[in-house]
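Student: Have a peek at work05.txt (compact mmCIF, C-alpha atoms).
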# COMPACT_ATOMS: atom_id res chain seq x y z
CA MET A 1116 128.64 188.75 83.50
CA ALA A 1117 131.75 186.57 83.92
CA GLY A 1118 131.27 182.94 83.05
CA GLN A 1119 128.49 183.39 80.45
CA PHE A 1120 130.85 182.46 77.63
CA VAL A 1121 131.18 178.90 78.96
CA PRO A 1122 127.76 177.53 77.98
CA THR A 1123 128.25 178.92 74.45
CA GLU A 1124 131.55 177.10 73.91
CA LEU A 1125 129.89 173.81 74.90
CA GLY A 1126 127.80 174.05 71.76
CA THR A 1127 130.38 175.39 69.32
CA GLN A 1128 133.94 174.35 70.19
CA SER A 1129 135.56 171.14 68.91
CA ILE A 1130 134.27 168.13 70.87
CA GLY A 1131 137.79 166.76 71.25
CA LYS A 1132 139.08 170.02 72.73
CA LEU A 1133 136.05 170.33 75.00
CA LEU A 1134 136.42 166.78 76.30
CA VAL A 1135 140.09 167.38 77.05
CA LYS A 1136 139.28 170.68 78.76
CA TYR A 1137 136.52 169.21 80.94
CA ALA A 1138 137.70 165.62 81.37
CA VAL A 1139 141.39 166.15 82.17
CA PRO A 1140 140.73 168.24 85.30
CA ALA A 1141 138.01 165.77 86.33
CA ILE A 1142 140.34 162.81 85.72
CA ILE A 1143 143.09 164.45 87.76
CA ALA A 1144 140.58 165.22 90.51
CA MET A 1145 139.07 161.73 90.51
CA THR A 1146 142.47 160.05 90.38
CA ALA A 1147 143.53 162.23 93.27
CA ALA A 1148 140.35 161.21 95.13
CA SER A 1149 141.11 157.52 94.60
CA LEU A 1150 144.72 158.01 95.69
CA TYR A 1151 143.31 159.80 98.71
CA ASN A 1152 141.45 156.60 99.68
CA MET A 1153 144.48 154.50 98.80
CA VAL A 1154 146.74 156.60 101.02
CA ASP A 1155 144.36 155.94 103.93
CA SER A 1156 144.55 152.19 103.26
CA ILE A 1157 148.34 152.17 102.94
CA PHE A 1158 148.93 154.08 106.18
CA ILE A 1159 146.30 152.02 108.00
CA GLY A 1160 147.69 148.73 106.68
CA ARG A 1161 151.27 149.56 107.55
CA GLY A 1162 150.63 151.64 110.66
CA VAL A 1163 147.79 149.72 112.32
CA GLY A 1164 147.82 146.19 110.83
CA ALA A 1165 146.21 143.61 108.54
CA LEU A 1166 142.99 143.34 110.57
CA ALA A 1167 142.63 147.13 110.41
CA ILE A 1168 142.50 146.83 106.61
CA SER A 1169 139.72 144.28 107.04
CA GLY A 1170 137.95 146.69 109.40
CA LEU A 1171 138.30 149.46 106.82
CA ALA A 1172 136.83 147.14 104.17
CA LEU A 1173 133.73 146.73 106.36
CA THR A 1174 133.06 150.45 105.97
CA PHE A 1175 132.84 150.26 102.14
CA PRO A 1176 129.10 149.46 102.02
CA LEU A 1177 128.33 152.30 104.42
CA MET A 1178 130.55 154.67 102.45
CA ASN A 1179 128.73 153.58 99.27
CA LEU A 1180 125.42 154.23 100.98
CA ALA A 1181 126.56 157.74 101.93
CA ALA A 1182 127.79 158.27 98.36
CA ALA A 1183 124.41 157.09 97.07
CA PHE A 1184 122.57 159.86 98.91
CA GLY A 1185 125.23 162.37 97.90
CA ALA A 1186 124.89 161.40 94.23
CA LEU A 1187 121.10 161.53 94.45
CA VAL A 1188 121.39 165.28 95.07
CA GLY A 1189 124.75 166.35 93.64
CA VAL A 1190 124.90 164.42 90.37
CA GLY A 1191 121.21 164.88 89.62
CA ALA A 1192 121.26 168.63 90.26
CA ALA A 1193 124.52 169.15 88.33
CA THR A 1194 123.12 167.32 85.31
CA LEU A 1195 119.90 169.34 85.47
CA ALA A 1196 121.95 172.56 85.74
CA SER A 1197 123.90 171.64 82.57
CA VAL A 1198 120.67 171.12 80.64
CA LYS A 1199 119.21 174.41 81.94
CA LEU A 1200 122.37 176.29 80.97
CA GLY A 1201 122.09 174.75 77.48
CA GLN A 1202 118.53 176.07 77.32
CA LYS A 1203 119.72 179.54 78.53
CA ASP A 1204 117.50 179.19 81.62
CA TYR A 1205 119.95 180.88 84.01
CA ASP A 1206 117.40 181.68 86.72
CA THR A 1207 116.54 178.00 87.23
CA ALA A 1208 120.25 177.09 87.18
CA GLN A 1209 120.81 179.58 90.03
CA ARG A 1210 117.99 178.07 92.07
CA ILE A 1211 119.42 174.59 91.50
CA LEU A 1212 122.63 175.74 93.21
CA GLY A 1213 120.73 176.92 96.28
CA ASN A 1214 118.64 173.75 96.42
CA VAL A 1215 121.77 171.57 96.25
CA LEU A 1216 123.12 173.19 99.42
CA ILE A 1217 119.90 172.82 101.42
CA LEU A 1218 119.15 169.26 100.28
CA ASN A 1219 122.67 168.09 101.15
CA ILE A 1220 122.38 169.52 104.65
CA ILE A 1221 119.01 167.82 105.25
CA ILE A 1222 119.92 164.43 103.80
CA GLY A 1223 123.43 164.43 105.31
CA PHE A 1224 122.06 165.10 108.80
CA ILE A 1225 119.38 162.40 108.62
CA PHE A 1226 121.86 159.83 107.28
CA SER A 1227 124.47 160.57 109.95
CA VAL A 1228 122.08 160.38 112.90
CA THR A 1229 120.46 157.16 111.67
CA CYS A 1230 123.75 155.36 111.04
CA LEU A 1231 125.36 156.46 114.31
CA ILE A 1232 122.43 155.02 116.29
CA PHE A 1233 122.68 151.59 114.63
CA LEU A 1234 126.40 151.53 113.75
CA ASP A 1235 127.50 148.30 115.50
CA PRO A 1236 124.62 146.12 114.21
CA ILE A 1237 125.21 147.52 110.73
CA LEU A 1238 128.92 146.65 110.78
CA TYR A 1239 128.30 143.09 112.01
CA PHE A 1240 125.69 142.67 109.27
CA PHE A 1241 128.28 143.85 106.74
CA GLY A 1242 130.47 140.83 107.56
CA GLY A 1243 132.29 142.09 110.64
CA SER A 1244 133.71 140.00 113.46
CA ASP A 1245 134.72 140.83 117.02
CA GLN A 1246 138.28 141.32 115.72
CA THR A 1247 137.41 143.83 112.98
CA VAL A 1248 134.28 145.76 114.05
CA SER A 1249 136.18 147.89 116.57
CA TYR A 1250 138.43 149.22 113.80
CA ALA A 1251 135.45 149.91 111.50
CA ARG A 1252 133.54 151.65 114.32
CA ASP A 1253 136.47 153.95 115.16
CA TYR A 1254 136.73 154.99 111.52
CA MET A 1255 133.03 155.40 110.70
CA GLU A 1256 132.09 157.37 113.82
CA VAL A 1257 134.37 160.20 112.73
CA ILE A 1258 133.26 159.99 109.09
CA LEU A 1259 129.58 160.13 110.08
CA TYR A 1260 130.09 163.13 112.38
CA GLY A 1261 131.52 164.95 109.36
CA ASN A 1262 129.07 163.55 106.82
CA ILE A 1263 127.21 166.82 106.22
CA ILE A 1264 130.50 168.48 105.29
CA THR A 1265 131.26 165.63 102.88
CA HIS A 1266 127.84 165.87 101.22
CA ILE A 1267 128.01 169.63 100.71
CA TYR A 1268 131.61 169.45 99.47
CA LEU A 1269 130.76 166.80 96.85
CA GLY A 1270 127.55 168.58 95.79
CA LEU A 1271 129.25 171.94 95.29
CA ASN A 1272 132.11 170.31 93.38
CA ALA A 1273 129.58 168.82 90.95
CA MET A 1274 128.04 172.29 90.51
CA LEU A 1275 131.47 173.80 89.88
CA ARG A 1276 131.98 171.42 86.96
CA SER A 1277 128.53 172.07 85.54
CA SER A 1278 128.92 175.85 85.76
CA GLY A 1279 132.07 175.85 83.64
CA HIS A 1280 134.80 175.54 86.26
CA PRO A 1281 136.21 172.01 85.95
CA GLN A 1282 139.69 173.23 86.90
CA LYS A 1283 138.45 174.72 90.17
CA ALA A 1284 136.63 171.47 90.97
CA MET A 1285 139.91 169.70 90.34
CA TYR A 1286 141.79 172.06 92.66
CA ALA A 1287 139.28 171.41 95.44
CA THR A 1288 139.76 167.66 95.17
CA ILE A 1289 143.54 167.88 94.94
CA ALA A 1290 143.56 170.08 98.02
CA THR A 1291 141.74 167.38 100.01
CA VAL A 1292 144.24 164.76 98.83
CA VAL A 1293 147.30 166.79 99.71
CA ILE A 1294 145.96 167.81 103.13
CA ASN A 1295 144.87 164.24 103.88
CA ALA A 1296 148.24 162.80 102.81
CA ILE A 1297 150.04 165.25 105.10
CA LEU A 1298 147.78 164.67 108.11
CA ASP A 1299 147.49 160.86 107.83
CA PRO A 1300 151.03 159.97 108.94
CA ILE A 1301 150.97 162.71 111.61
CA PHE A 1302 147.71 161.48 113.16
CA ILE A 1303 148.46 157.75 112.79
CA PHE A 1304 152.18 157.56 113.63
CA VAL A 1305 152.98 160.72 115.61
CA PHE A 1306 149.75 161.21 117.59
CA ASP A 1307 149.08 157.45 117.64
CA TRP A 1308 145.38 157.91 116.86
CA GLY A 1309 145.27 154.74 114.75
CA ILE A 1310 142.48 154.27 112.21
CA ARG A 1311 140.49 157.11 113.81
CA GLY A 1312 143.33 159.47 112.87
CA ALA A 1313 142.88 158.62 109.18
CA ALA A 1314 139.18 159.51 109.42
CA ILE A 1315 139.91 162.81 111.19
CA ALA A 1316 142.40 163.72 108.46
CA THR A 1317 139.72 163.04 105.83
CA ILE A 1318 137.12 165.33 107.41
CA ILE A 1319 139.61 168.16 108.05
CA ALA A 1320 140.74 168.03 104.42
CA GLN A 1321 137.17 168.20 103.13
CA THR A 1322 136.33 171.07 105.47
CA VAL A 1323 139.17 173.18 104.07
CA ALA A 1324 138.06 172.47 100.49
CA LEU A 1325 134.43 173.28 101.35
CA LEU A 1326 135.36 176.69 102.77
CA TRP A 1327 137.12 177.50 99.50
CA GLN A 1328 134.09 176.36 97.45
CA ILE A 1329 131.78 178.58 99.50
CA LYS A 1330 134.10 181.52 98.80
CA LEU A 1331 133.96 180.78 95.04
CA PHE A 1332 130.17 180.59 94.96
CA SER A 1333 129.93 183.81 96.96
CA ASN A 1334 131.49 185.74 94.05
CA LYS A 1335 128.68 187.83 92.53
CA ASN A 1336 130.55 188.05 89.21
CA GLU A 1337 130.06 184.33 88.57
CA LEU A 1338 127.15 183.08 86.46
CA LEU A 1339 126.07 180.81 89.34
CA HIS A 1340 126.53 182.28 92.81
CA PHE A 1341 124.87 182.35 96.22
CA HIS A 1342 122.32 185.09 96.78
CA ARG A 1343 118.98 185.57 98.50
CA GLY A 1344 116.00 183.76 97.05
CA ILE A 1345 117.73 180.64 95.72
CA PHE A 1346 117.79 178.59 98.94
CA ARG A 1347 114.06 177.94 99.21
CA LEU A 1348 113.37 174.38 98.05
CA LYS A 1349 111.40 174.31 94.81
CA ARG A 1350 109.27 171.24 94.18
CA ALA A 1351 110.06 171.05 90.45
CA ILE A 1352 113.82 171.42 90.96
CA VAL A 1353 113.92 168.89 93.80
CA LEU A 1354 111.86 166.29 91.93
CA ASP A 1355 113.73 166.75 88.63
CA SER A 1356 117.12 166.60 90.36
CA LEU A 1357 116.17 163.48 92.31
CA ALA A 1358 114.74 161.83 89.20
CA ILE A 1359 117.99 162.33 87.27
CA GLY A 1360 120.09 161.48 90.33
CA LEU A 1361 118.09 158.31 90.90
CA SER A 1362 120.37 156.40 88.53
CA PRO A 1363 123.66 156.95 90.43
CA PHE A 1364 121.70 156.65 93.69
CA LEU A 1365 120.38 153.22 92.79
CA MET A 1366 123.76 152.22 91.39
CA ASN A 1367 125.45 153.10 94.68
CA MET A 1368 122.66 151.41 96.66
CA ALA A 1369 123.14 148.31 94.54
CA SER A 1370 126.90 148.53 95.13
CA CYS A 1371 126.22 148.69 98.84
CA LEU A 1372 124.11 145.53 98.72
CA ILE A 1373 126.64 143.74 96.53
CA ILE A 1374 129.61 144.58 98.77
CA ILE A 1375 127.62 143.36 101.78
CA LEU A 1376 127.03 140.03 100.02
CA ILE A 1377 130.68 139.83 98.97
CA ASN A 1378 131.89 140.54 102.51
CA GLN A 1379 129.45 138.06 104.01
CA GLY A 1380 130.53 135.40 101.51
CA LEU A 1381 134.23 136.08 102.04
CA GLN A 1382 133.74 135.93 105.80
CA LYS A 1383 132.05 132.55 105.40
CA TYR A 1384 134.55 131.00 102.98
CA GLY A 1385 137.78 132.86 103.78
CA GLY A 1386 137.49 134.79 107.07
CA ASP A 1387 138.64 138.28 108.05
CA LEU A 1388 141.71 138.29 105.81
CA ALA A 1389 139.65 137.51 102.72
CA ILE A 1390 137.59 140.63 103.43
CA GLY A 1391 140.82 142.57 103.83
CA ALA A 1392 142.06 141.20 100.50
CA PHE A 1393 138.90 142.43 98.80
CA GLY A 1394 139.44 145.79 100.49
CA ILE A 1395 142.92 146.07 98.95
CA ILE A 1396 141.72 145.01 95.49
CA ASN A 1397 138.84 147.44 95.75
CA ARG A 1398 141.21 150.33 96.46
CA VAL A 1399 143.37 149.51 93.44
CA VAL A 1400 140.48 148.91 91.05
CA TYR A 1401 138.90 152.09 92.41
CA VAL A 1402 141.75 154.13 90.91
CA VAL A 1403 140.90 152.90 87.40
CA VAL A 1404 137.16 153.28 87.99
CA MET A 1405 137.64 156.85 89.20
CA ILE A 1406 139.58 157.75 86.06
CA VAL A 1407 136.63 156.50 84.00
CA LEU A 1408 134.28 158.50 86.24
CA GLY A 1409 136.47 161.52 85.53
CA LEU A 1410 135.95 160.96 81.82
CA ASN A 1411 132.23 160.66 82.47
CA GLN A 1412 132.22 163.90 84.41
CA GLY A 1413 133.97 165.61 81.52
CA MET A 1414 131.39 164.21 79.11
CA GLN A 1415 128.37 165.15 81.25
CA PRO A 1416 128.16 168.93 80.69
CA ILE A 1417 129.05 168.57 77.01
CA ALA A 1418 126.44 165.87 76.38
CA GLY A 1419 123.85 167.61 78.58
CA TYR A 1420 124.26 171.01 76.92
CA ASN A 1421 124.23 169.69 73.34
CA PHE A 1422 121.28 167.43 74.01
CA GLY A 1423 119.41 170.43 75.41
CA ALA A 1424 120.43 172.39 72.29
CA ARG A 1425 119.32 169.47 70.02
CA GLN A 1426 122.81 169.07 68.52
CA TYR A 1427 122.68 165.30 68.40
CA THR A 1428 125.72 164.78 66.19
CA ARG A 1429 127.87 166.43 68.85
CA VAL A 1430 126.23 164.30 71.56
CA THR A 1431 127.14 161.13 69.66
CA GLN A 1432 130.67 162.34 69.04
CA VAL A 1433 131.45 163.06 72.69
CA LEU A 1434 130.07 159.66 73.66
CA LYS A 1435 132.38 157.86 71.20
CA TYR A 1436 135.45 159.74 72.42
CA THR A 1437 134.58 158.97 76.04
CA ILE A 1438 134.10 155.26 75.36
CA PHE A 1439 137.48 155.10 73.62
CA GLY A 1440 139.27 156.75 76.55
CA ALA A 1441 137.47 154.61 79.14
CA THR A 1442 138.36 151.37 77.35
CA ILE A 1443 142.04 152.29 77.31
CA CYS A 1444 141.93 152.95 81.08
CA THR A 1445 140.25 149.69 82.02
CA THR A 1446 142.55 147.71 79.71
CA ILE A 1447 145.53 149.11 81.61
CA GLY A 1448 143.84 147.98 84.84
CA PHE A 1449 143.41 144.51 83.34
CA LEU A 1450 147.11 144.27 82.45
CA LEU A 1451 148.14 145.49 85.90
CA GLY A 1452 146.03 142.84 87.65
CA MET A 1453 147.17 140.02 85.39
CA ILE A 1454 150.88 140.77 85.16
CA CYS A 1455 151.94 142.13 88.56
CA PRO A 1456 149.21 141.75 91.22
CA GLY A 1457 151.70 140.78 93.94
CA GLU A 1458 153.75 143.93 93.53
CA VAL A 1459 150.63 146.07 93.76
CA VAL A 1460 149.27 144.32 96.87
CA SER A 1461 152.64 144.56 98.65
CA ILE A 1462 152.24 148.35 98.78
CA PHE A 1463 149.44 147.88 101.33
CA THR A 1464 150.66 145.04 103.52
CA LYS A 1465 153.59 142.81 104.42
CA ASP A 1466 151.30 140.02 105.66
CA GLU A 1467 152.06 136.98 103.47
CA GLU A 1468 148.67 135.28 103.83
CA LEU A 1469 146.77 138.49 103.06
CA THR A 1470 149.00 139.12 100.04
CA LYS A 1471 148.40 135.62 98.67
CA ILE A 1472 144.60 135.89 98.94
CA ALA A 1473 144.57 139.36 97.38
CA GLU A 1474 146.77 138.26 94.44
CA GLU A 1475 144.38 135.46 93.52
CA GLY A 1476 141.30 137.63 93.82
CA PHE A 1477 142.87 140.46 91.80
CA ARG A 1478 143.43 138.22 88.76
CA TYR A 1479 139.84 136.97 88.80
CA ILE A 1480 138.23 140.38 89.26
CA VAL A 1481 140.02 142.04 86.30
CA MET A 1482 139.41 139.10 83.96
CA PHE A 1483 137.01 141.05 81.68
CA PHE A 1484 137.98 144.49 82.92
CA PRO A 1485 138.53 145.99 79.42
CA VAL A 1486 134.74 146.09 78.89
CA VAL A 1487 133.94 147.71 82.25
CA GLY A 1488 134.76 151.21 81.00
CA PHE A 1489 132.32 150.88 78.14
CA GLN A 1490 129.52 149.78 80.46
CA MET A 1491 130.17 152.64 82.89
CA VAL A 1492 130.15 155.26 80.12
CA ALA A 1493 126.93 153.90 78.64
CA SER A 1494 125.09 154.20 81.95
CA ASN A 1495 126.44 157.69 82.64
CA PHE A 1496 125.62 158.84 79.11
CA PHE A 1497 121.90 158.22 79.45
CA GLN A 1498 121.98 159.99 82.81
CA SER A 1499 123.82 162.96 81.25
CA ILE A 1500 121.08 163.55 78.68
CA GLY A 1501 118.29 163.18 81.23
CA MET A 1502 117.09 159.71 80.18
CA ALA A 1503 116.81 158.55 83.78
CA GLY A 1504 114.89 155.35 83.04
CA LYS A 1505 117.53 153.92 80.70
CA ALA A 1506 120.35 155.01 83.00
CA ILE A 1507 118.71 153.31 85.98
CA PHE A 1508 118.11 150.14 84.01
CA LEU A 1509 121.74 149.90 82.88
CA SER A 1510 123.01 150.76 86.34
CA LEU A 1511 121.02 147.98 87.94
CA THR A 1512 121.54 145.22 85.39
CA ARG A 1513 125.16 144.51 86.27
CA GLN A 1514 124.63 144.77 90.01
CA LEU A 1515 121.26 143.18 90.68
CA ILE A 1516 120.15 141.24 87.62
CA PHE A 1517 123.51 139.61 86.89
CA LEU A 1518 125.94 139.91 89.80
CA LEU A 1519 123.58 139.29 92.72
CA PRO A 1520 122.36 135.85 91.52
CA LEU A 1521 125.93 134.84 90.66
CA LEU A 1522 127.09 135.77 94.18
CA LEU A 1523 124.36 133.58 95.63
CA ILE A 1524 124.91 130.60 93.31
CA LEU A 1525 128.62 130.26 92.39
CA PRO A 1526 130.03 130.17 95.96
CA GLN A 1527 127.83 127.15 96.62
CA PHE A 1528 129.98 125.24 94.12
CA TYR A 1529 133.35 127.02 94.08
CA GLY A 1530 133.56 128.65 97.53
CA GLN A 1531 135.74 131.76 97.69
CA THR A 1532 136.71 131.41 94.01
CA GLY A 1533 133.01 131.56 93.11
CA ILE A 1534 132.78 134.99 94.75
CA TRP A 1535 135.75 136.28 92.73
CA LEU A 1536 134.37 134.82 89.47
CA SER A 1537 130.94 136.40 89.89
CA MET A 1538 132.29 139.91 89.22
CA PRO A 1539 133.95 139.50 85.78
CA ILE A 1540 131.09 137.36 84.44
CA SER A 1541 128.52 140.03 85.32
CA ASP A 1542 130.77 142.71 83.76
CA LEU A 1543 130.79 140.87 80.45
CA VAL A 1544 127.04 140.24 80.25
CA ALA A 1545 126.13 143.80 81.32
CA SER A 1546 128.44 145.26 78.68
CA ILE A 1547 126.73 143.27 75.92
CA LEU A 1548 123.36 144.66 77.00
CA SER A 1549 124.79 148.20 77.12
CA ALA A 1550 126.09 147.84 73.56
CA ILE A 1551 122.63 146.90 72.32
CA MET A 1552 120.97 149.88 74.01
CA LEU A 1553 123.59 152.32 72.74
CA MET A 1554 123.24 151.09 69.16
CA LEU A 1555 119.52 151.74 69.33
CA GLN A 1556 120.14 155.24 70.71
CA PHE A 1557 122.68 155.98 67.97
CA ARG A 1558 120.03 155.20 65.37
CA ALA A 1559 117.59 157.56 67.08
CA PHE A 1560 120.18 160.35 67.08
CA LYS A 1561 120.99 159.74 63.42
CA LYS A 1562 117.35 160.19 62.48
CA ALA A 1563 116.92 163.26 64.73
CA SER A 1564 120.09 164.98 63.39
CA THR A 1565 118.73 165.09 59.83
CA PRO A 1566 118.84 168.77 58.70
CA PHE A 1567 115.69 170.66 59.65
Step by step, read the file and then write its structure as structure tokens.

Tutor:
Amino acid sequence: MAGQFVPTELGTQSIGKLLVKYAVPAIIAMTAASLYNMVDSIFIGRGVGALAISGLALTFPLMNLAAAFGALVGVGAATLASVKLGQKDYDTAQRILGNVLILNIIIGFIFSVTCLIFLDPILYFFGGSDQTVSYARDYMEVILYGNIITHIYLGLNAMLRSSGHPQKAMYATIATVVINAILDPIFIFVFDWGIRGAAIATIIAQTVALLWQIKLFSNKNELLHFHRGIFRLKRAIVLDSLAIGLSPFLMNMASCLIIILINQGLQKYGGDLAIGAFGIINRVVYVVVMIVLGLNQGMQPIAGYNFGARQYTRVTQVLKYTIFGATICTTIGFLLGMICPGEVVSIFTKDEELTKIAEEGFRYIVMFFPVVGFQMVASNFFQSIGMAGKAIFLSLTRQLIFLLPLLLILPQFYGQTGIWLSMPISDLVASILSAIMLMLQFRAFKKASTPF
């Protein structure tokens, strides 16, 4: 059956070649995804205005919340599928695919309906004002109407990567970027649909990619494909998927809470434009973060398969390569923010006051950025090998144990600067903790990899 060779190569081929094969398509796809968001911001900033960027920034917590529920299903199920493929349990892997589809439909529907009912109060709570909430509402209404499509698209893309088709997952993401980039200027400038036009372009692009994914998974010659009997929810699969996906879920939930606190603080100490400045910085930093996530996605099936096959030396090797690549990426982000923040910000807006605020914040946020990649890889690594407890702990330390208290305390003394400073300080402390936990895990692998 086509595709069965893929799980075998995960356990035998050179780790370096495997990581390139799996990570490069994921990096391209994730970079494209981040550029996709950046394109929205650029067209909105230049075509609608500075306050529209602030309105868009208000949607970040809600988008993170949606991503949290998507990751709970998609990432957890994809990781579980990798482990099952490593164990040659193809029947369970098939059922995981069916369960991913059904769970995404259920969770996506509940999330959309709930958020649409309470949308205005949510946006005001997120730091909105009378000047910015209207922009955020116009954008989020469209996104929420298409949320089920988004959830299924992201879930099936994760399954494509886990089933040995990282290139096809990359093509799906690139397709959404290209379609979105074409439709954005048409809907915003030609049709004059404003910020709502950007949201419509996003959902149309994802719908096209989803139709292609469904066609791929309908191919009976593929190792994982849709067929009768796999769509009934299985308690064990659902619980195991949610347990593994709990780490990225909680991480995204924590991100949601943190961004709310940041927006509320910036509204208090800097006003609407300060929130817009954070929105711009977030989009730029997001590009670097998504590249690291692409590396993590490339690592995930390799680490998951070899952990399932008890090849611990290979697990350790892929982790080291991923950390090296991630550190290079975040160091480039650090240099970009320190050397030419003004040039980067000017891509999004011509507003002088907004540019000035964003420049200052950019330099603070990337202060310890070189260590961020390491911390992200460490958290994802434990998730990839099914150690949900450790992954959850590392995911939450930076956000809740370190960053949250800093966001509550530092602004009391340093105002807006205190908000900017909270982020790099928490990055540094969380990375130190991650290093300690990884060293302990390395020792465990070294003992377990002793010849049988």

Student: Which residues, written as a list in words, have at least one atom at most 9 Å from Ile1168 (chain A), with all atoms listed in the file counted and residues fewer than 4 positions away on the same chain left out?

Tutor: Ser1156, Ile1157, Ile1159, Gly1160, Val1163, Gly1164, Ala1172, Leu1173, Thr1247, Tyr1250, Leu1388, Ile1390, Gly1391, Ala1392, Gly1394, Ile1395, Phe1463 and Thr1464 of chain A

Student: With the cut-off set at 8 Å and counting only C-alpha atoms, tabulate each residue of region 1165-1226 of chain A with an atom at most that distance from an atom of region 1265-1280 of chain A, showing the nearest atom pair and its distance in Å to one decimal, ordered by chain and increasing number, as JSON lines.

Tutor:
{"residue": "A:Gly1185", "atom": "CA", "partner": "A:His1266", "partner_atom": "CA", "distance": 5.5}
{"residue": "A:Ala1186", "atom": "CA", "partner": "A:Gly1270", "partner_atom": "CA", "distance": 7.8}
{"residue": "A:Val1188", "atom": "CA", "partner": "A:Gly1270", "partner_atom": "CA", "distance": 7.0}
{"residue": "A:Gly1189", "atom": "CA", "partner": "A:Gly1270", "partner_atom": "CA", "distance": 4.2}
{"residue": "A:Val1190", "atom": "CA", "partner": "A:Ala1273", "partner_atom": "CA", "distance": 6.4}
{"residue": "A:Ala1192", "atom": "CA", "partner": "A:Met1274", "partner_atom": "CA", "distance": 7.7}
{"residue": "A:Ala1193", "atom": "CA", "partner": "A:Met1274", "partner_atom": "CA", "distance": 5.2}
{"residue": "A:Thr1194", "atom": "CA", "partner": "A:Ser1277", "partner_atom": "CA", "distance": 7.2}
{"residue": "A:Ala1196", "atom": "CA", "partner": "A:Ser1277", "partner_atom": "CA", "distance": 6.6}
{"residue": "A:Ser1197", "atom": "CA", "partner": "A:Ser1277", "partner_atom": "CA", "distance": 5.5}
{"residue": "A:Leu1212", "atom": "CA", "partner": "A:Met1274", "partner_atom": "CA", "distance": 7.0}
{"residue": "A:Val1215", "atom": "CA", "partner": "A:Gly1270", "partner_atom": "CA", "distance": 6.5}
{"residue": "A:Leu1216", "atom": "CA", "partner": "A:Ile1267", "partner_atom": "CA", "distance": 6.2}
{"residue": "A:Asn1219", "atom": "CA", "partner": "A:Ile1267", "partner_atom": "CA", "distance": 5.6}
{"residue": "A:Ile1220", "atom": "CA", "partner": "A:Ile1267", "partner_atom": "CA", "distance": 6.9}
{"residue": "A:Gly1223", "atom": "CA", "partner": "A:His1266", "partner_atom": "CA", "distance": 6.2}

Student: Within 10 Å of (122.5, 163.6, 66.8), only C-alpha atoms: residues as a list of chain:residue names?

Tutor: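 Residues found, by chain and rising number: A:Asn1421, A:Phe1422, A:Arg1425, A:Gln1426, A:Tyr1427, A:Thr1428, A:Arg1429, A:Val1430, A:Thr1431, A:Gln1432, A:Gln1556, A:Phe1557, A:Arg1558, A:Ala1559, A:Phe1560, A:Lys1561, A:Lys1562, A:Ala1563, A:Ser1564, A:Thr1565.
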
Student: List as a list in words the protein and nucleic acid residues near Val1154 (chain A), meaning an atom at most 9 Å away when only C-alpha atoms are counted, but skip any in the same chain fewer than 5 places from it.

Tutor: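 Close residues of Val1154 (chain A): Ser1149, Ile1159, Val1292, Asn1295, Ala1296 and Asp1299 of chain A.
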
Student: List as a ChimeraX atom specification the residues having at least one atom at most 12 Å from position (150.9, 165.2, 104.1) as given in the file, counting all atoms listed in the file.

Tutor: /A:1151,1154-1155,1158,1290-1303,1313,1316-1317,1320

Student: With C-alpha atoms retained, write the just-selected residues as a compact mmCIF listing (two decimals), in the frame of the given file.

Tutor:
# COMPACT_ATOMS: atom_id res chain seq x y z
CA TYR A 1151 143.31 159.80 98.71
CA VAL A 1154 146.74 156.60 101.02
CA ASP A 1155 144.36 155.94 103.93
CA PHE A 1158 148.93 154.08 106.18
CA ALA A 1290 143.56 170.08 98.02
CA THR A 1291 141.74 167.38 100.01
CA VAL A 1292 144.24 164.76 98.83
CA VAL A 1293 147.30 166.79 99.71
CA ILE A 1294 145.96 167.81 103.13
CA ASN A 1295 144.87 164.24 103.88
CA ALA A 1296 148.24 162.80 102.81
CA ILE A 1297 150.04 165.25 105.10
CA LEU A 1298 147.78 164.67 108.11
CA ASP A 1299 147.49 160.86 107.83
CA PRO A 1300 151.03 159.97 108.94
CA ILE A 1301 150.97 162.71 111.61
CA PHE A 1302 147.71 161.48 113.16
CA ILE A 1303 148.46 157.75 112.79
CA ALA A 1313 142.88 158.62 109.18
CA ALA A 1316 142.40 163.72 108.46
CA THR A 1317 139.72 163.04 105.83
CA ALA A 1320 140.74 168.03 104.42

Student: Work out how far CA of Ile1417 (chain A) is from CA of Glu1124 (chain A), in Å to one decimal.

Tutor: 9.4 Å

Student: Keeping C-alpha atoms, write region 1209-1223 of chain A of the structure just shown out as a PDB file, in the first residue's frame.

Tutor:
ATOM      1  CA  GLN A1209      -6.700   5.342  10.715  1.00  0.00           C
ATOM      2  CA  ARG A1210      -9.279   5.839  13.452  1.00  0.00           C
ATOM      3  CA  ILE A1211      -7.339   8.841  14.749  1.00  0.00           C
ATOM      4  CA  LEU A1212      -7.803  10.492  11.341  1.00  0.00           C
ATOM      5  CA  GLY A1213     -11.575  10.010  11.484  1.00  0.00           C
ATOM      6  CA  ASN A1214     -11.773  11.229  15.071  1.00  0.00           C
ATOM      7  CA  VAL A1215      -9.806  14.389  14.200  1.00  0.00           C
ATOM      8  CA  LEU A1216     -12.441  15.366  11.632  1.00  0.00           C
ATOM      9  CA  ILE A1217     -15.425  14.814  13.927  1.00  0.00           C
ATOM     10  CA  LEU A1218     -13.858  16.463  16.989  1.00  0.00           C
ATOM     11  CA  ASN A1219     -12.898  19.565  15.005  1.00  0.00           C
ATOM     12  CA  ILE A1220     -16.441  19.947  13.713  1.00  0.00           C
ATOM     13  CA  ILE A1221     -17.927  19.645  17.214  1.00  0.00           C
ATOM     14  CA  ILE A1222     -15.449  21.918  18.994  1.00  0.00           C
ATOM     15  CA  GLY A1223     -15.340  24.461  16.147  1.00  0.00           C
TER      16      GLY A1223
END
